[in-house]
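Peer 1: Could you have a look at this structure, given as structure tokens, before my questions?
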Amino acid sequence: MTDAGINFHFDVDGEDFSSAGAASVEVKKNLRQLGFPPDVIRKVAIAMYEGEINMVIHANGGTADVFVLPDEITMVLRDQGPGIADVSLAMQEGFSTARDNIRSLGFGAGMGLPNMKKYTDAMEIETELGKGTKIVMRVKI
Amino acid sequence: MMPMKLNVLAERLALTHICGELDKDASGVYTGDLLSWVMSHVEAGDVWITIMSNINVTAVASLTEAACVILAECVQPDEETIQAAKEKNVTIFSDPRSAYQLCCCLGAILSDG
Ligand SMILES: Nc1ncnc2c1ncn2[C@@H]1O[C@H](COP(=O)(O)OP(=O)(O)OP(=O)(O)O)[C@@H](O)[C@H]1O
Ligand SMILES: [Mg+2]
């Protein structure tokens with residue numbers, strides 16, 4: 001690994017549930033090849049999956065960028081969805097606006113954002129109603 | 001808990017094998033259907049018992065490195081899910097028992113080895 005790091009970019013399709021999670025699976029595979037420890041890979045995989053799925057089910061897709069440095073992995077998720085009206089409410093365990101058809105797939109526990117916070121060392125949410133949401137998460141090695 | 005190979009476990013429980021490798025160790029059990037809950041609680045090597053059979057189950061099983069998925073109460077995956085499971089090397093079984101009954105059976109065989 002060079003000091004400049006390794007970056008990954010993904011377009012996350014908003015309608016396509018059959019590929020939902022694909023970016024996370026790919027990142028996990030790459031981190032494993034790069035030799036990161038299992039606990040780091042687990043944290044990144046969980047946080048990234050929840051963020052990726054949220055973009056699919058709540059924001060009609062978006063992009064994911066992952067920046068890999070020897071001592072830190074940064075995930076940046078951007079979407080142009082509806083935005084989050086009340087971030088502190090959305091961060092509460094159990095809060096979900098997922099519709100019934102989404103819930104029937106197993107989503108909507110309202111645990112995604114709490115998981116993202118729990119499994120990363122830092123998480124920032126920038127969101128604007130009608131414009132979209134940007135989430136930056138960092139995991140220290 | 002002693003790890004047990006999936007082929008041994010499948011034979012002892014008479015599980016129906018749907019897809020995936022059998023030469024993997026199972027070392028624990030978790031049951032749940034809410035994916036983001038499962039995501040943060042399944043440990044690598046766990047047998048994950050669920051009634052969810054859509055394609056998202058394969059992503060969660062693969063990301064958490066669950067040993068396998070057992071679909072309880074005769075739930076069947078669709079073709080898309082089986083295809084995704086094969087690509088991600090996720091092992092899936094199906095069984096008529098409920099999640100509770102499967103947990104009891106697994107508890108019995110995994111604790112006495
Ligand atoms: N990218 C996003 N754009 C718009 N709203 C979002 C986004 N991410 C989350 N939300 C809102 O925040 C709520 C809580 O998100 P969280 O991921 O915790 O739960 P969930 O996605 O509803 O269910 P789960 O993640 O447990 O399947 C969502 O129901 C949704 O209202
Ligand atoms: Mg979510």
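To be explicit about the labels: the chains of the structure tokens are called A, B, and onward in the order shown, and within each one the residues are counted from 1, while ligands get numbers from 1 in the order they are shown.
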For chain A, list the residues within 6 Å of chain B, counting only C-alpha atoms, and write the list as a count of residues only.

Peer 2: 5

Peer 1: Counting only C-alpha atoms and all ligand atoms, what are the residues, protein, DNA or RNA alike, that approach ligand 2 to within 8 Å? I want them as an MDAnalysis selection string.

Peer 2: (chainID A and resid 50:51 53:54 57 96 107:113) or (chainID B and resid 36)

Peer 1: Please report, as a list in words, each residue of region 6-75 of chain B to which DSSP assigns alpha helix (DSSP H) when run on this structure's backbone.

Peer 2: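 Residues meeting the alpha helix (DSSP H) criterion: Leu6, Asn7, Val8, Leu9, Ala10, Glu11, Arg12, Leu13, Leu35, Ser36, Trp37, Val38, Met39, Ser40, His41, Asn56, Val57, Thr58, Ala59, Val60, Ala61, Ser62, Leu63 and Thr64 of chain B.
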
Peer 1: Store the residues of this selection in a file with N, CA, C and O atoms, as a short mmCIF file (atom, residue, chain, number, x, y, z; two decimals), in the first residue's frame.

Peer 2:
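Below is the file part33.cif, written as the result:
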data_model
loop_
_atom_site.label_atom_id
_atom_site.label_comp_id
_atom_site.auth_asym_id
_atom_site.auth_seq_id
_atom_site.Cartn_x
_atom_site.Cartn_y
_atom_site.Cartn_z
N LEU B 6 -20.21 -28.20 8.45
CA LEU B 6 -21.59 -28.09 7.97
C LEU B 6 -22.13 -29.42 7.43
O LEU B 6 -23.31 -29.72 7.61
N ASN B 7 -21.27 -30.22 6.82
CA ASN B 7 -21.80 -31.49 6.30
C ASN B 7 -22.25 -32.41 7.44
O ASN B 7 -23.27 -33.09 7.35
N VAL B 8 -21.51 -32.38 8.55
CA VAL B 8 -21.88 -33.20 9.71
C VAL B 8 -23.19 -32.66 10.32
O VAL B 8 -24.14 -33.40 10.60
N LEU B 9 -23.20 -31.36 10.48
CA LEU B 9 -24.37 -30.71 11.07
C LEU B 9 -25.63 -30.96 10.21
O LEU B 9 -26.69 -31.31 10.74
N ALA B 10 -25.46 -30.83 8.91
CA ALA B 10 -26.61 -31.01 7.99
C ALA B 10 -27.13 -32.44 8.06
O ALA B 10 -28.34 -32.68 8.04
N GLU B 11 -26.20 -33.38 8.19
CA GLU B 11 -26.62 -34.78 8.24
C GLU B 11 -27.34 -35.07 9.56
O GLU B 11 -28.39 -35.71 9.58
N ARG B 12 -26.77 -34.56 10.65
CA ARG B 12 -27.39 -34.85 11.96
C ARG B 12 -28.76 -34.22 12.11
O ARG B 12 -29.62 -34.73 12.82
N LEU B 13 -28.95 -33.06 11.47
CA LEU B 13 -30.27 -32.42 11.56
C LEU B 13 -31.17 -32.77 10.37
O LEU B 13 -32.31 -32.32 10.31
N LEU B 35 -32.84 -7.41 9.20
CA LEU B 35 -31.48 -7.51 8.66
C LEU B 35 -30.46 -6.63 9.35
O LEU B 35 -29.33 -7.05 9.58
N SER B 36 -30.84 -5.40 9.72
CA SER B 36 -29.82 -4.54 10.33
C SER B 36 -29.55 -4.97 11.77
O SER B 36 -28.50 -4.66 12.34
N TRP B 37 -30.50 -5.68 12.35
CA TRP B 37 -30.28 -6.25 13.68
C TRP B 37 -29.32 -7.45 13.57
O TRP B 37 -28.32 -7.55 14.27
N VAL B 38 -29.64 -8.30 12.61
CA VAL B 38 -28.80 -9.48 12.35
C VAL B 38 -27.37 -9.04 12.00
O VAL B 38 -26.39 -9.59 12.51
N MET B 39 -27.30 -8.02 11.16
CA MET B 39 -26.00 -7.52 10.68
C MET B 39 -25.04 -7.26 11.83
O MET B 39 -23.86 -7.58 11.75
N SER B 40 -25.54 -6.69 12.90
CA SER B 40 -24.62 -6.32 13.97
C SER B 40 -24.52 -7.39 15.06
O SER B 40 -23.76 -7.22 16.00
N HIS B 41 -25.26 -8.47 14.94
CA HIS B 41 -25.20 -9.48 16.01
C HIS B 41 -24.70 -10.86 15.58
O HIS B 41 -24.21 -11.61 16.40
N ASN B 56 -31.33 -10.11 -0.19
CA ASN B 56 -30.55 -9.34 0.78
C ASN B 56 -29.96 -10.21 1.89
O ASN B 56 -28.97 -9.85 2.52
N VAL B 57 -30.60 -11.35 2.11
CA VAL B 57 -30.07 -12.32 3.08
C VAL B 57 -28.66 -12.77 2.68
O VAL B 57 -27.79 -12.95 3.53
N THR B 58 -28.44 -12.90 1.38
CA THR B 58 -27.12 -13.38 0.94
C THR B 58 -26.05 -12.33 1.22
O THR B 58 -24.93 -12.68 1.60
N ALA B 59 -26.39 -11.04 1.05
CA ALA B 59 -25.41 -9.99 1.32
C ALA B 59 -25.06 -9.97 2.81
O ALA B 59 -23.89 -9.88 3.18
N VAL B 60 -26.08 -10.08 3.66
CA VAL B 60 -25.83 -10.05 5.11
C VAL B 60 -25.01 -11.27 5.53
O VAL B 60 -24.04 -11.15 6.29
N ALA B 61 -25.37 -12.44 5.01
CA ALA B 61 -24.64 -13.66 5.38
C ALA B 61 -23.19 -13.57 4.93
O ALA B 61 -22.27 -13.96 5.66
N SER B 62 -22.98 -13.03 3.75
CA SER B 62 -21.63 -12.94 3.22
C SER B 62 -20.81 -11.90 3.99
O SER B 62 -19.67 -12.17 4.39
N LEU B 63 -21.39 -10.75 4.27
CA LEU B 63 -20.65 -9.69 4.97
C LEU B 63 -20.32 -10.08 6.41
O LEU B 63 -19.29 -9.68 6.94
N THR B 64 -21.19 -10.83 7.04
CA THR B 64 -20.94 -11.21 8.44
C THR B 64 -20.14 -12.52 8.53
O THR B 64 -19.75 -12.92 9.62
#

Peer 1: Quick one: which chain A residues come within 9 Å of ligand 1, and what is the nearest atom pair for each with the distance in Å to one decimal, counting only C-alpha atoms and all ligand atoms, rows ordered by chain and ascending number, as a tab-separated table?

Peer 2:
residue	atom	partner	partner_atom_place_in_ligand_line	distance
A:Glu50	CA	ligand 1	25 (O)	6.1
A:Gly51	CA	ligand 1	8 (N)	7.0
A:Glu52	CA	ligand 1	1 (N)	8.2
A:Ile53	CA	ligand 1	21 (O)	7.3
A:Asn54	CA	ligand 1	8 (N)	4.6
A:Met55	CA	ligand 1	1 (N)	4.5
A:Val56	CA	ligand 1	1 (N)	7.9
A:Ile57	CA	ligand 1	21 (O)	7.2
A:His58	CA	ligand 1	4 (C)	4.8
A:Ala59	CA	ligand 1	3 (N)	4.6
A:Asn60	CA	ligand 1	3 (N)	8.4
A:Gly61	CA	ligand 1	1 (N)	8.3
A:Gly62	CA	ligand 1	1 (N)	8.5
A:Leu77	CA	ligand 1	1 (N)	8.3
A:Arg78	CA	ligand 1	1 (N)	7.8
A:Asp79	CA	ligand 1	1 (N)	6.4
A:Gln80	CA	ligand 1	3 (N)	8.0
A:Gly81	CA	ligand 1	3 (N)	5.5
A:Pro82	CA	ligand 1	4 (C)	5.4
A:Gly83	CA	ligand 1	4 (C)	4.5
A:Ile84	CA	ligand 1	5 (N)	4.6
A:Ala85	CA	ligand 1	5 (N)	7.9
A:Asp86	CA	ligand 1	12 (O)	8.4
A:Val87	CA	ligand 1	12 (O)	7.4
A:Leu89	CA	ligand 1	12 (O)	8.0
A:Ala90	CA	ligand 1	12 (O)	4.4
A:Met91	CA	ligand 1	18 (O)	5.9
A:Gln92	CA	ligand 1	18 (O)	7.1
A:Glu93	CA	ligand 1	18 (O)	6.6
A:Gly94	CA	ligand 1	18 (O)	7.0
A:Phe95	CA	ligand 1	14 (C)	5.4
A:Ser96	CA	ligand 1	29 (O)	3.3
A:Thr97	CA	ligand 1	29 (O)	3.8
A:Ala98	CA	ligand 1	22 (O)	4.9
A:Arg99	CA	ligand 1	22 (O)	8.6
A:Ile102	CA	ligand 1	27 (O)	8.5
A:Arg103	CA	ligand 1	27 (O)	7.6
A:Gly106	CA	ligand 1	27 (O)	6.8
A:Phe107	CA	ligand 1	27 (O)	3.4
A:Gly108	CA	ligand 1	23 (O)	3.2
A:Ala109	CA	ligand 1	26 (O)	3.4
A:Gly110	CA	ligand 1	19 (O)	3.3
A:Met111	CA	ligand 1	26 (O)	3.8
A:Gly112	CA	ligand 1	17 (O)	3.3
A:Leu113	CA	ligand 1	18 (O)	3.8
A:Pro114	CA	ligand 1	18 (O)	5.8
A:Asn115	CA	ligand 1	18 (O)	7.6
A:Met116	CA	ligand 1	17 (O)	8.3
A:Thr127	CA	ligand 1	3 (N)	8.1
A:Leu129	CA	ligand 1	4 (C)	8.7
A:Gly132	CA	ligand 1	3 (N)	6.6
A:Thr133	CA	ligand 1	1 (N)	5.7
A:Lys134	CA	ligand 1	1 (N)	7.7
A:Ile135	CA	ligand 1	1 (N)	8.1

Peer 1: How would the residues just chosen look if you wrote them out with C-alpha atoms as a PDB file, in the first residue's frame?

Peer 2:
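Once everything was written out, this is part_20.pdb:
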ATOM      1  CA  GLU A  50     -26.115   0.016   6.267  1.00  0.00           C
ATOM      2  CA  GLY A  51     -25.209   3.254   4.487  1.00  0.00           C
ATOM      3  CA  GLU A  52     -25.453   1.629   1.089  1.00  0.00           C
ATOM      4  CA  ILE A  53     -28.846   0.072   1.837  1.00  0.00           C
ATOM      5  CA  ASN A  54     -30.159   3.366   3.196  1.00  0.00           C
ATOM      6  CA  MET A  55     -29.288   5.045  -0.088  1.00  0.00           C
ATOM      7  CA  VAL A  56     -31.160   2.303  -1.958  1.00  0.00           C
ATOM      8  CA  ILE A  57     -34.304   2.263   0.177  1.00  0.00           C
ATOM      9  CA  HIS A  58     -34.564   5.896   1.282  1.00  0.00           C
ATOM     10  CA  ALA A  59     -32.757   7.985  -1.335  1.00  0.00           C
ATOM     11  CA  ASN A  60     -33.100   6.291  -4.712  1.00  0.00           C
ATOM     12  CA  GLY A  61     -29.403   5.475  -4.876  1.00  0.00           C
ATOM     13  CA  GLY A  62     -26.214   7.496  -4.722  1.00  0.00           C
ATOM     14  CA  LEU A  77     -21.773   8.214   0.914  1.00  0.00           C
ATOM     15  CA  ARG A  78     -23.611  10.823  -1.132  1.00  0.00           C
ATOM     16  CA  ASP A  79     -27.164  10.823  -2.384  1.00  0.00           C
ATOM     17  CA  GLN A  80     -29.662  13.248  -3.872  1.00  0.00           C
ATOM     18  CA  GLY A  81     -32.603  11.796  -2.019  1.00  0.00           C
ATOM     19  CA  PRO A  82     -35.169  13.546   0.173  1.00  0.00           C
ATOM     20  CA  GLY A  83     -32.737  14.353   3.000  1.00  0.00           C
ATOM     21  CA  ILE A  84     -33.314  13.569   6.677  1.00  0.00           C
ATOM     22  CA  ALA A  85     -35.730  15.910   8.448  1.00  0.00           C
ATOM     23  CA  ASP A  86     -34.572  15.262  12.015  1.00  0.00           C
ATOM     24  CA  VAL A  87     -31.142  13.661  12.260  1.00  0.00           C
ATOM     25  CA  LEU A  89     -34.556  11.304  15.673  1.00  0.00           C
ATOM     26  CA  ALA A  90     -33.282   9.234  12.730  1.00  0.00           C
ATOM     27  CA  MET A  91     -30.251   8.226  14.811  1.00  0.00           C
ATOM     28  CA  GLN A  92     -32.455   6.704  17.518  1.00  0.00           C
ATOM     29  CA  GLU A  93     -32.642   2.921  17.619  1.00  0.00           C
ATOM     30  CA  GLY A  94     -35.992   1.793  16.247  1.00  0.00           C
ATOM     31  CA  PHE A  95     -36.852   4.928  14.286  1.00  0.00           C
ATOM     32  CA  SER A  96     -37.755   4.081  10.720  1.00  0.00           C
ATOM     33  CA  THR A  97     -39.859   5.494   7.921  1.00  0.00           C
ATOM     34  CA  ALA A  98     -39.470   2.339   5.802  1.00  0.00           C
ATOM     35  CA  ARG A  99     -42.687   1.383   4.007  1.00  0.00           C
ATOM     36  CA  ILE A 102     -39.479  -2.605   2.278  1.00  0.00           C
ATOM     37  CA  ARG A 103     -40.167  -3.996   5.744  1.00  0.00           C
ATOM     38  CA  GLY A 106     -36.346  -7.466   6.451  1.00  0.00           C
ATOM     39  CA  PHE A 107     -35.448  -3.773   6.521  1.00  0.00           C
ATOM     40  CA  GLY A 108     -36.927  -1.134   8.783  1.00  0.00           C
ATOM     41  CA  ALA A 109     -35.672  -2.137  12.225  1.00  0.00           C
ATOM     42  CA  GLY A 110     -34.373   1.388  12.565  1.00  0.00           C
ATOM     43  CA  MET A 111     -30.938   0.049  13.410  1.00  0.00           C
ATOM     44  CA  GLY A 112     -28.968   1.089  10.333  1.00  0.00           C
ATOM     45  CA  LEU A 113     -27.822   4.558  11.387  1.00  0.00           C
ATOM     46  CA  PRO A 114     -27.175   3.407  15.004  1.00  0.00           C
ATOM     47  CA  ASN A 115     -25.048   0.552  13.618  1.00  0.00           C
ATOM     48  CA  MET A 116     -23.111   2.989  11.448  1.00  0.00           C
ATOM     49  CA  THR A 127     -28.326  16.641   5.016  1.00  0.00           C
ATOM     50  CA  LEU A 129     -34.390  18.430   2.771  1.00  0.00           C
ATOM     51  CA  GLY A 132     -29.776  14.992  -0.354  1.00  0.00           C
ATOM     52  CA  THR A 133     -27.504  13.539   2.277  1.00  0.00           C
ATOM     53  CA  LYS A 134     -23.759  13.126   2.687  1.00  0.00           C
ATOM     54  CA  ILE A 135     -22.415  10.778   5.330  1.00  0.00           C
TER      55      ILE A 135
END

Peer 1: List the spatial neighbours of Gly5 (chain A) as a list in words - criterion: any atom at most 9 Å away, only C-alpha atoms, same-chain residues fewer than 5 positions off excluded.

Peer 2: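 In the requested format, the answer is Phe67, Val68, Leu69 and Pro70 of chain A.
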
Peer 1: Report, in Å to a single decimal, how far apart CA of Val66 (chain A) and CA of Asn7 (chain A) are.

Peer 2: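 Computing it gives 5.6 Å between the two atoms.
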
Peer 1: Which residue is closest to Glu79 (chain B)? Choose from A:Thr74, A:Phe36, A:Glu124, A:Ser18 and count only C-alpha atoms.

Peer 2: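 So, comparing all the options, the nearest one is A:Ser18.
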
Peer 1: Near Ile49 (chain B), counting only C-alpha atoms, which residues have an atom at most 12 Å away, once you skip same-chain residues fewer than 6 positions from it, shown as number ranges by chain?

Peer 2: B: 28-35, 38, 42, 57, 61, 66-75, 92-104, 106

Peer 1: Looking at only C-alpha atoms, which of A:Asp65, A:His9, A:Met123, A:Ile73 is the one that sits closest to Ile41 (chain A)?

Peer 2: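 Among the listed residues, A:Ile73 lies closest to Ile41 (chain A).
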
Peer 1: Using Å and a single decimal, report how far CA of Gly20 (chain B) sits from CA of Pro77 (chain B).

Peer 2: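 Atom-to-atom, CA of Pro77 (chain B) to CA of Gly20 (chain B), that is 13.1 Å.
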
Peer 1: Which residue is closest to Ser27 (chain B)? Choose from B:Ala108, B:Val47, B:Ile82, B:Val90 and count only C-alpha atoms.

Peer 2: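 Smallest distance to Ser27 (chain B) is found for B:Val47.
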
Peer 1: Which value, in Å to one decimal, gives the distance between CA of Val76 (chain A) and CA of Ala45 (chain A)?

Peer 2: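 Computing it gives 13.4 Å between the two atoms.
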
Peer 1: Using only C-alpha atoms, determine which residues lie at most 7 Å from Asn89 (chain B), disregarding the query and same-chain residues fewer than 2 positions distant; provide the list as a PyMOL selection string.

Peer 2: chain B and resi 20-21+85-87+91

Peer 1: Go ahead and save the picked residues with all heavy atoms, as a short mmCIF file (atom, residue, chain, number, x, y, z; two decimals), in the first residue's frame.

Peer 2:
data_model
loop_
_atom_site.label_atom_id
_atom_site.label_comp_id
_atom_site.auth_asym_id
_atom_site.auth_seq_id
_atom_site.Cartn_x
_atom_site.Cartn_y
_atom_site.Cartn_z
N GLY B 20 -24.32 -24.09 -1.91
CA GLY B 20 -23.14 -23.66 -1.16
C GLY B 20 -22.31 -24.80 -0.59
O GLY B 20 -22.76 -25.93 -0.46
N GLU B 21 -21.11 -24.40 -0.25
CA GLU B 21 -20.09 -25.30 0.27
C GLU B 21 -20.50 -25.92 1.61
O GLU B 21 -21.17 -25.27 2.42
CB GLU B 21 -18.87 -24.41 0.52
CG GLU B 21 -17.52 -25.00 0.29
CD GLU B 21 -16.47 -24.01 0.79
OE1 GLU B 21 -16.42 -22.88 0.25
OE2 GLU B 21 -15.76 -24.38 1.72
N ALA B 85 -26.38 -16.36 -3.84
CA ALA B 85 -25.72 -17.14 -2.79
C ALA B 85 -24.54 -17.91 -3.38
O ALA B 85 -23.46 -17.96 -2.78
CB ALA B 85 -26.71 -18.10 -2.14
N LYS B 86 -24.74 -18.47 -4.55
CA LYS B 86 -23.65 -19.21 -5.20
C LYS B 86 -22.49 -18.28 -5.50
O LYS B 86 -21.33 -18.62 -5.25
CB LYS B 86 -24.15 -19.87 -6.49
CG LYS B 86 -25.02 -21.10 -6.23
CD LYS B 86 -25.48 -21.72 -7.53
CE LYS B 86 -26.34 -22.95 -7.26
NZ LYS B 86 -27.15 -23.31 -8.45
N GLU B 87 -22.80 -17.10 -6.01
CA GLU B 87 -21.74 -16.14 -6.33
C GLU B 87 -20.96 -15.72 -5.10
O GLU B 87 -19.77 -15.49 -5.14
CB GLU B 87 -22.33 -14.89 -7.01
CG GLU B 87 -22.62 -15.10 -8.48
CD GLU B 87 -23.58 -14.06 -9.03
OE1 GLU B 87 -23.69 -12.96 -8.43
OE2 GLU B 87 -24.26 -14.36 -10.03
N THR B 91 -23.79 -20.61 2.00
CA THR B 91 -24.43 -21.91 2.08
C THR B 91 -25.85 -21.75 2.64
O THR B 91 -26.04 -21.10 3.67
CB THR B 91 -23.62 -22.85 2.99
OG1 THR B 91 -22.28 -22.90 2.49
CG2 THR B 91 -24.22 -24.26 3.03
#
